[in-house]
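So this block is structure_17.cif, mmCIF, C-alpha atoms:
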```cif
data_model
#
loop_
_atom_site.label_atom_id
_atom_site.label_comp_id
_atom_site.auth_asym_id
_atom_site.auth_seq_id
_atom_site.Cartn_x
_atom_site.Cartn_y
_atom_site.Cartn_z
CA MET A 22 -13.20 26.97 19.35
CA ARG A 23 -9.92 25.64 20.77
CA VAL A 24 -8.65 22.61 18.84
CA VAL A 25 -5.65 20.53 19.88
CA VAL A 26 -4.27 18.34 17.09
CA VAL A 27 -2.26 15.41 18.45
CA GLY A 28 0.29 14.44 15.82
CA GLY A 29 2.25 16.61 13.39
CA GLY A 30 2.53 14.19 10.49
CA SER A 31 0.82 14.49 7.13
CA VAL A 32 -2.73 14.02 8.43
CA GLY A 33 -2.31 16.28 11.45
CA ALA A 34 -0.59 19.01 9.44
CA ASN A 35 -3.31 19.03 6.78
CA ILE A 36 -6.04 19.24 9.42
CA ALA A 37 -4.24 21.99 11.35
CA TYR A 38 -3.73 23.97 8.15
CA ARG A 39 -7.42 23.84 7.23
CA LEU A 40 -8.59 24.60 10.76
CA ALA A 41 -6.25 27.58 11.08
CA ALA A 42 -7.37 28.86 7.67
CA GLY A 43 -10.94 28.68 9.00
CA GLY A 44 -10.09 30.84 12.01
CA ARG A 45 -9.90 28.14 14.67
CA ASP A 46 -7.59 28.44 17.68
CA VAL A 47 -5.24 25.54 16.83
CA THR A 48 -2.42 23.91 18.78
CA VAL A 49 -0.41 21.07 17.23
CA LEU A 50 1.45 18.74 19.60
CA ASP A 51 4.02 16.32 18.21
CA ALA A 52 5.90 13.76 20.29
CA GLY A 53 9.05 14.33 18.21
CA ARG A 54 9.55 16.66 15.27
CA PRO A 55 6.65 17.25 12.89
CA GLY A 56 6.99 15.28 9.67
CA GLN A 57 9.87 13.17 10.95
CA GLY A 58 7.97 10.09 12.13
CA THR A 59 6.28 7.66 9.75
CA THR A 60 5.57 10.57 7.40
CA GLY A 61 9.32 10.99 6.96
CA ALA A 62 9.85 7.26 6.32
CA SER A 63 7.31 6.74 3.56
CA ILE A 64 7.41 6.10 -0.16
CA SER A 65 5.07 9.13 -0.46
CA TRP A 66 3.78 8.03 -3.85
CA LEU A 67 0.51 9.12 -5.48
CA SER A 68 -1.06 6.44 -7.65
CA SER A 69 -4.44 5.00 -8.60
CA PHE A 70 -3.23 1.98 -10.57
CA PRO A 71 -3.94 -0.85 -9.97
CA GLN A 72 -5.91 0.14 -6.85
CA ALA A 73 -8.76 1.79 -8.79
CA ALA A 74 -9.65 -1.47 -10.53
CA ALA A 75 -11.03 -3.04 -7.34
CA ALA A 76 -12.19 0.07 -5.47
CA GLU A 77 -15.83 0.34 -4.47
CA PRO A 78 -17.67 3.27 -6.12
CA ALA A 79 -17.53 5.56 -3.04
CA GLU A 80 -13.83 4.93 -2.52
CA LEU A 81 -13.11 5.26 -6.24
CA GLU A 82 -14.67 8.71 -6.34
CA LEU A 83 -12.46 9.85 -3.47
CA ARG A 84 -9.36 8.16 -4.86
CA LEU A 85 -9.76 9.86 -8.22
CA SER A 86 -10.07 13.24 -6.47
CA ILE A 87 -6.71 12.96 -4.70
CA ARG A 88 -4.62 14.39 -7.53
CA ARG A 89 -6.87 17.42 -7.87
CA ALA A 90 -6.66 17.93 -4.11
CA PHE A 91 -2.86 17.94 -4.29
CA ALA A 92 -2.84 20.28 -7.28
CA ASP A 93 -5.15 22.68 -5.45
CA LEU A 94 -3.04 22.48 -2.28
CA GLU A 95 0.15 23.08 -4.26
CA ALA A 96 -1.34 26.20 -5.85
CA GLU A 97 -2.69 27.43 -2.52
CA ALA A 98 0.17 26.71 -0.11
CA GLY A 99 3.15 27.01 -2.47
CA GLY A 100 6.45 25.28 -1.87
CA ASP A 101 8.53 22.77 -3.81
CA TRP A 102 7.23 19.60 -2.17
CA MET A 103 5.11 18.18 -5.04
CA HIS A 104 6.80 16.30 -7.87
CA TRP A 105 4.51 15.31 -10.72
CA ALA A 106 5.90 12.21 -12.41
CA ASP A 107 4.47 9.23 -14.24
CA THR A 108 4.65 5.76 -12.67
CA LEU A 109 6.04 2.71 -14.46
CA THR A 110 4.55 -0.59 -13.25
CA TRP A 111 5.42 -4.12 -14.31
CA ALA A 112 5.33 -7.67 -12.98
CA SER A 113 7.35 -10.85 -13.43
CA ASP A 114 5.05 -13.59 -12.09
CA PRO A 115 2.70 -14.82 -14.88
CA GLN A 116 -0.38 -14.72 -12.64
CA VAL A 117 0.37 -11.19 -11.51
CA CYS A 118 0.98 -10.20 -15.15
CA ASP A 119 -2.48 -11.51 -16.05
CA ARG A 120 -4.08 -9.62 -13.18
CA LEU A 121 -2.26 -6.41 -14.06
CA ARG A 122 -3.44 -6.72 -17.65
CA ALA A 123 -7.05 -7.05 -16.48
CA ASP A 124 -6.65 -4.19 -13.99
CA TRP A 125 -5.19 -1.97 -16.70
CA LYS A 126 -8.36 -2.33 -18.74
CA ALA A 127 -10.62 -1.90 -15.69
CA SER A 128 -8.71 1.14 -14.42
CA ALA A 129 -8.78 2.82 -17.81
CA GLU A 130 -12.55 2.32 -17.95
CA ARG A 131 -12.81 3.98 -14.52
CA GLY A 132 -11.00 7.14 -15.47
CA VAL A 133 -7.33 6.36 -14.73
CA SER A 134 -4.92 7.36 -17.51
CA VAL A 135 -2.77 4.26 -18.09
CA GLU A 136 -1.09 3.00 -21.25
CA VAL A 137 1.03 -0.08 -21.90
CA LEU A 138 4.61 0.07 -23.20
CA THR A 139 7.17 -2.49 -24.29
CA GLY A 140 10.34 -2.83 -22.28
CA SER A 141 12.35 -0.91 -24.90
CA GLU A 142 9.80 1.91 -24.90
CA ALA A 143 9.99 2.11 -21.10
CA ARG A 144 13.81 2.27 -21.25
CA ALA A 145 13.59 5.11 -23.72
CA ARG A 146 11.56 7.07 -21.17
CA GLU A 147 13.71 6.06 -18.19
CA PRO A 148 17.30 5.41 -19.41
CA ALA A 149 18.51 4.21 -15.99
CA LEU A 150 16.01 1.35 -16.10
CA ALA A 151 16.75 -2.25 -17.12
CA VAL A 152 13.66 -4.22 -18.14
CA PRO A 153 13.43 -6.93 -20.80
CA ASP A 154 12.23 -5.96 -24.27
CA ALA A 155 9.27 -8.31 -23.96
CA ALA A 156 8.06 -6.83 -20.67
CA GLU A 157 4.64 -5.20 -20.46
CA VAL A 158 5.23 -1.91 -18.65
CA TYR A 159 2.23 0.18 -17.65
CA VAL A 160 2.71 3.94 -17.47
CA GLU A 161 0.24 5.80 -15.28
CA HIS A 162 0.00 9.48 -16.09
CA GLY A 163 -0.71 12.32 -13.72
CA GLY A 164 0.59 10.94 -10.42
CA GLY A 165 3.88 11.61 -8.72
CA TRP A 166 5.57 11.70 -5.35
CA VAL A 167 5.63 14.02 -2.39
CA ASP A 168 8.54 15.35 -0.35
CA ALA A 169 6.43 14.69 2.73
CA PRO A 170 8.60 16.33 5.42
CA LEU A 171 8.77 19.48 3.31
CA LEU A 172 4.98 19.37 2.80
CA VAL A 173 4.43 19.17 6.58
CA GLU A 174 6.87 22.04 7.13
CA THR A 175 5.05 24.13 4.52
CA LEU A 176 1.59 23.45 5.94
CA LEU A 177 2.53 24.07 9.57
CA HIS A 178 4.42 27.22 8.65
CA ALA A 179 1.31 28.50 6.88
CA ALA A 180 -0.87 27.46 9.83
CA SER A 181 1.45 29.33 12.21
CA HIS A 182 1.05 32.47 10.12
CA ARG A 183 -2.70 32.08 10.64
CA GLY A 184 -2.27 31.92 14.40
CA ALA A 185 -1.69 28.22 15.07
CA THR A 186 0.81 27.11 17.70
CA VAL A 187 3.10 24.18 16.86
CA ILE A 188 4.95 22.47 19.71
CA GLU A 189 7.44 19.65 19.12
CA GLN A 190 8.86 17.18 21.67
CA ALA A 191 5.46 17.26 23.40
CA ARG A 192 4.16 13.74 23.95
CA VAL A 193 0.54 13.58 25.13
CA VAL A 194 0.18 11.49 28.29
CA ALA A 195 -3.41 12.24 29.31
CA VAL A 196 -6.72 13.35 27.84
CA LYS A 197 -8.91 15.09 30.39
CA GLN A 198 -12.69 15.06 30.25
CA ALA A 199 -15.69 16.19 32.26
CA GLY A 200 -19.39 15.56 31.74
CA GLY A 201 -18.76 13.32 28.76
CA ARG A 202 -16.73 15.97 26.91
CA VAL A 203 -13.05 16.42 26.29
CA THR A 204 -11.58 19.38 28.21
CA ALA A 205 -7.79 19.24 27.84
CA VAL A 206 -4.70 17.21 27.06
CA VAL A 207 -1.58 16.94 29.20
CA THR A 208 1.94 16.46 27.83
CA ASP A 209 4.91 14.67 29.36
CA SER A 210 6.27 18.00 30.61
CA GLY A 211 3.14 18.40 32.73
CA ARG A 212 1.80 21.22 30.61
CA GLU A 213 -1.97 21.26 30.11
CA PHE A 214 -3.70 22.50 26.97
CA GLY A 215 -7.40 23.30 27.23
CA ALA A 216 -9.48 22.09 24.29
CA ASP A 217 -13.02 22.09 22.98
CA VAL A 218 -11.96 19.51 20.39
CA VAL A 219 -9.03 17.08 20.39
CA VAL A 220 -8.04 15.60 17.03
CA ASN A 221 -6.35 12.23 17.31
CA ALA A 222 -4.01 12.26 14.29
CA ALA A 223 -1.24 10.37 16.05
CA GLY A 224 -0.72 7.73 13.34
CA SER A 225 0.77 4.55 14.78
CA TRP A 226 0.26 5.97 18.29
CA ALA A 227 -3.43 6.68 17.69
CA SER A 228 -4.55 3.61 19.67
CA HIS A 229 -2.61 4.86 22.71
CA VAL A 230 -4.02 8.37 22.45
CA GLY A 231 -7.50 6.89 22.06
CA ALA A 232 -6.99 4.72 25.14
CA MET A 233 -6.10 7.81 27.19
CA ALA A 234 -9.54 9.12 26.30
CA GLY A 235 -11.23 5.78 26.95
CA CYS A 236 -11.98 5.41 23.23
CA THR A 237 -11.39 2.12 21.42
CA LEU A 238 -9.32 2.29 18.24
CA PRO A 239 -7.74 -0.97 16.98
CA LEU A 240 -4.79 -0.71 14.58
CA ASP A 241 -2.63 -3.17 12.68
CA LEU A 242 0.92 -1.80 12.83
CA ARG A 243 3.13 -2.73 9.87
CA PRO A 244 6.80 -1.73 9.85
CA GLY A 245 8.02 -0.56 6.45
CA LEU A 246 11.71 -0.37 5.58
CA MET A 247 12.81 2.60 3.45
CA VAL A 248 16.32 2.65 2.00
CA TYR A 249 17.94 5.65 0.33
CA SER A 250 20.66 5.11 -2.27
CA GLN A 251 23.73 7.09 -3.24
CA PRO A 252 23.09 9.69 -5.98
CA LEU A 253 22.65 8.05 -9.39
CA PRO A 254 25.51 8.80 -11.81
CA ALA A 255 23.19 9.83 -14.65
CA GLY A 256 21.06 12.06 -12.42
CA PRO A 257 17.77 11.54 -10.61
CA LEU A 258 15.01 9.27 -11.84
CA GLY A 259 12.23 10.79 -13.90
CA HIS A 260 9.54 8.31 -12.85
CA VAL A 261 8.23 6.37 -9.88
CA LEU A 262 8.94 2.65 -10.39
CA ASN A 263 6.43 0.08 -9.15
CA THR A 264 8.51 -3.08 -9.59
CA PRO A 265 7.50 -6.68 -8.77
CA LYS A 266 8.88 -6.48 -5.21
CA LEU A 267 9.98 -2.86 -4.65
CA ASN A 268 8.60 0.67 -4.90
CA ILE A 269 11.24 3.14 -6.06
CA ARG A 270 10.97 6.90 -6.43
CA PRO A 271 13.39 9.79 -6.86
CA ASP A 272 14.92 11.17 -3.67
CA PRO A 273 15.63 14.90 -3.21
CA GLY A 274 19.34 14.04 -2.75
CA GLY A 275 19.59 12.68 -6.32
CA GLY A 276 19.43 9.01 -5.43
CA ALA A 277 16.56 6.55 -5.21
CA ALA A 278 14.19 6.12 -2.26
CA ILE A 279 13.28 2.44 -2.10
CA HIS A 280 10.44 0.82 -0.19
CA ALA A 281 11.21 -2.84 0.46
CA ARG A 282 7.74 -4.24 -0.15
CA ALA A 283 9.38 -7.66 -0.68
CA GLU A 284 6.16 -9.23 -1.98
CA SER A 285 3.62 -8.93 -4.77
CA MET A 286 2.00 -5.56 -5.33
CA TYR A 287 -1.25 -7.33 -4.44
CA GLY A 288 0.08 -8.56 -1.07
CA ARG A 289 -0.45 -7.22 2.46
CA HIS A 290 2.81 -5.26 2.36
CA GLY A 291 3.85 -6.70 5.69
CA LEU A 292 7.21 -8.23 4.75
CA ASN A 293 10.56 -6.47 4.86
CA ALA A 294 14.10 -7.19 3.70
CA LEU A 295 16.70 -8.17 6.28
CA THR A 296 19.24 -5.42 5.59
CA PRO A 297 19.49 -2.16 3.60
CA GLY A 298 22.23 -3.82 1.57
CA GLU A 299 19.76 -6.46 0.37
CA VAL A 300 17.40 -3.73 -0.76
CA ILE A 301 20.12 -1.99 -2.78
CA GLU A 302 21.09 -5.33 -4.31
CA ALA A 303 17.48 -6.07 -5.27
CA ALA A 304 17.00 -2.58 -6.73
CA ALA A 305 20.16 -3.01 -8.83
CA ARG A 306 18.26 -5.66 -10.81
CA TRP A 307 16.24 -2.80 -12.29
CA LEU A 308 18.69 0.08 -11.79
CA PRO A 309 22.13 -1.37 -12.69
CA ALA A 310 23.90 1.82 -11.61
CA LEU A 311 23.21 0.80 -7.99
CA ALA A 312 25.21 -2.45 -8.28
CA GLY A 313 28.02 -2.55 -5.74
CA THR A 314 26.94 0.64 -3.96
CA GLN A 315 26.10 1.13 -0.30
CA ALA A 316 22.90 2.53 1.15
CA LEU A 317 23.18 6.19 2.04
CA ARG A 318 20.76 5.73 4.95
CA SER A 319 17.68 3.75 5.94
CA ARG A 320 14.61 4.18 8.12
CA VAL A 321 11.72 2.08 9.38
CA GLY A 322 8.31 3.69 9.45
CA ILE A 323 5.46 2.18 11.46
CA ARG A 324 2.40 2.29 9.23
CA PRO A 325 -1.02 2.38 10.97
CA VAL A 326 -3.51 0.14 9.16
CA PRO A 327 -7.00 0.25 10.72
CA PRO A 328 -9.14 -2.85 10.07
CA GLY A 329 -11.59 -2.09 7.28
CA GLY A 330 -9.91 1.09 6.08
CA PRO A 331 -9.47 4.65 7.42
CA VAL A 332 -11.01 5.86 10.66
CA ILE A 333 -12.34 9.38 10.28
CA GLY A 334 -14.88 11.16 12.41
CA PRO A 335 -16.05 12.00 15.95
CA HIS A 336 -15.73 9.17 18.42
CA PRO A 337 -19.16 8.38 19.95
CA GLY A 338 -17.57 7.59 23.31
CA LEU A 339 -16.45 11.15 24.03
CA ASP A 340 -17.81 14.46 22.75
CA GLY A 341 -15.14 16.61 21.18
CA PHE A 342 -12.78 13.71 20.43
CA TYR A 343 -12.20 13.48 16.66
CA VAL A 344 -10.25 10.61 15.07
CA ALA A 345 -8.27 10.83 11.81
CA VAL A 346 -5.99 7.88 11.11
CA SER A 347 -5.38 5.82 7.99
CA HIS A 348 -2.84 3.88 6.00
CA GLY A 349 -1.59 6.07 3.16
CA GLY A 350 -1.84 9.19 5.29
CA ILE A 351 0.26 11.23 2.88
CA GLY A 352 -1.92 10.51 -0.13
CA TRP A 353 -5.18 10.92 1.76
CA GLY A 354 -3.92 13.86 3.85
CA PRO A 355 -5.39 16.79 1.86
CA LEU A 356 -8.83 15.16 1.73
CA TRP A 357 -8.81 14.28 5.42
CA GLY A 358 -7.71 17.84 6.21
CA THR A 359 -10.61 19.37 4.29
CA PHE A 360 -13.20 16.87 5.55
CA ALA A 361 -12.12 16.97 9.20
CA ALA A 362 -12.10 20.78 9.30
CA SER A 363 -15.58 20.80 7.78
CA GLU A 364 -16.95 18.31 10.30
CA ILE A 365 -15.31 20.00 13.28
CA GLY A 366 -17.01 23.16 12.04
CA GLY A 367 -20.38 21.40 12.18
CA SER A 368 -20.92 20.15 8.61
CA LYS A 369 -21.10 16.37 8.35
CA VAL A 370 -19.37 14.78 5.33
CA ALA A 371 -21.48 11.84 4.14
CA ALA A 372 -18.60 10.39 2.10
CA LEU A 373 -16.93 9.40 5.39
CA ASP A 374 -19.86 7.40 6.80
CA ARG A 375 -18.31 4.02 5.92
CA TRP A 376 -15.16 4.86 7.91
CA ARG A 377 -16.56 6.06 11.23
CA PRO A 378 -15.02 5.04 14.60
CA ASP A 379 -18.32 3.59 15.81
CA ARG A 380 -17.82 0.49 13.64
CA PHE A 381 -15.49 -0.80 16.37
CA LEU A 382 -18.15 -0.54 19.07
CA ALA A 383 -20.79 -3.17 19.86
CA SER A 384 -24.42 -2.07 19.90
CA SER A 385 -26.56 -2.53 23.02
CA ALA A 386 -28.36 -5.38 21.23
CA LEU A 387 -25.11 -7.26 20.71
CA MET A 388 -24.22 -6.76 24.38
CA THR A 389 -27.48 -8.33 25.60
CA GLU A 390 -26.87 -11.76 27.11
CA GLY A 391 -29.17 -14.76 26.87
CA ASP A 392 -31.58 -15.77 29.62
CA GLY A 393 -30.15 -19.18 30.30
CA THR A 394 -26.97 -21.25 30.35
CA CYS A 395 -25.79 -24.35 28.50
CA ALA A 396 -27.29 -27.47 30.10
#
```
The structure in this file should be written as structure tokens.
Amino acid sequence: MRVVVVGGGSVGANIAYRLAAGGRDVTVLDAGRPGQGTTGASISWLSSFPQAAAAEPAELELRLSIRRAFADLEAEAGGDWMHWADTLTWASDPQVCDRLRADWKASAERGVSVEVLTGSEARAREPALAVPDAAEVYVEHGGGWVDAPLLVETLLHAASHRGATVIEQARVVAVKQAGGRVTAVVTDSGREFGADVVVNAAGSWASHVGAMAGCTLPLDLRPGLMVYSQPLPAGPLGHVLNTPKLNIRPDPGGGAAIHARAESMYGRHGLNALTPGEVIEAAARWLPALAGTQALRSRVGIRPVPPGGPVIGPHPGLDGFYVAVSHGGIGWGPLWGTFAASEIGGSKVAALDRWRPDRFLASSALMTEGDGTCA
């Protein structure tokens, strides 16, 4: 079986790794450099709080399996890309505080390890942090953050050792088909790659790749600003910080990687700060060592957010065309890799039924028109 994976980000790399490990003939095509698109401009944070409190049972089961999937992948693939660290979460708006308090109890009942600290107790665990003594700070155990570009590099290197071919600077411009089946993809250099299966793991470009195949795939694209600070004088952070308006994690360079959420942790996450300097200034409220410093660098990642959640599975409009796109592609990546490889190998994964591509297609009954017209 020849499989072409379009997109070398977290989702594509995980799928390619699993397919290559299963003996498939795999080619990965990335329009730029693998792991350097949205994957390389992400907060890359693993957490189940407060999300688990409102998750439906099927989603909750998958969400609670993510950490084990990462632990297994770390043991299997090796590399220094996984950083296990607790998350500190707090709010400032009274209504959000009340909701967090309720979600803490609900999450704990659903298997998430979360405890509540005072502000002084939180500062004792994270000396660089400035929170009021009276603050309620929730510490979630067992999560962490991922050096996502290094993870992609590790997975694709391992896939290459198992026979996969990885080609960068290869933008797909056409998906060929015959007799209702995919047959090949064509890149902007004119090179053609024959395929029995094409995996659309193109992230924010997944709608375009789908359109080339004549397959509908709507996406909400949300730009997310990431800002990277100068190294912190006292050394790197020991926790991920989920603050009222920012997500902050350690950065491999010794500074802080800051996602400018700019709105409540229960919001759509569609807002962004105007400048990197504003982000550093806002982060200095919680990390005083950043006051008066300049951003080391910044990036904008275009996050793909399919309506109704992830889109995983074969597209009914074209045999051999498999879709794998979701918000939170780094966190979900190991699961999507395992599930997609299983399904491409012929074993359907029932846990994915609620996220199939066919939910965006009208049935023949809905397409039937009435017999008359308005009088």
Applied to this file, what does the PyMOL selection byres ((chain A and resi 101-117) around 6) return in terms of residues, put as a VMD selection string? chain A and resid 100 118 to 120 158 to 162 164 to 168 171 to 172 260 to 265
Hits from the PyMOL selection byres ((chain A and resi 375) around 10), listed as a PyMOL selection string: chain A and resi 79-80+329-333+371-374+376-380
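Among the candidates A:Trp353, A:Tyr343, A:Tyr249, A:Trp66, the residue lying nearest to Val219 in chain A is A:Tyr343 (atoms considered: only C-alpha atoms).
Compared by their closest atoms to Leu85 in chain A, and using all atoms listed in the file, the residues A:Gly53, A:Gly201, A:Gly28, A:Gly352 rank with A:Gly352 nearest.
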Result set of the PyMOL selection byres ((chain A and resi 316) around 7) on the coordinates above, as a PyMOL selection string: chain A and resi 248-251+297-298+301+314-315+317-318
Which residue out of A:Ile64, A:Ala90, A:Val196, A:Ala234 has the minimum interatomic distance to Ile279 in chain A when all atoms listed in the file are used? A:Ile64
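Taking CA of Asp217 in chain A and CA of Val24 in chain A as the two end points, the separation is 6.0 Å.
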Which protein, DNA or RNA residues are at most 10 Å from (-4.8, 17.2, -6.5) in the file's coordinates when you count only C-alpha atoms, listed as a ChimeraX atom specification? /A:67,85-96,163-164,352,355-356
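Relative to CA of Tyr38 in chain A, CA of Ala179 in chain A is found at 6.9 Å.
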As a PyMOL selection string, please: the residues near Arg45 in chain A (cut-off 8 Å, only C-alpha atoms, same-chain neighbours under 2 positions excluded). chain A and resi 22-24+40-43+47
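With CA of Ile351 in chain A on one side and CA of Ala62 in chain A on the other, the separation reads 10.9 Å.
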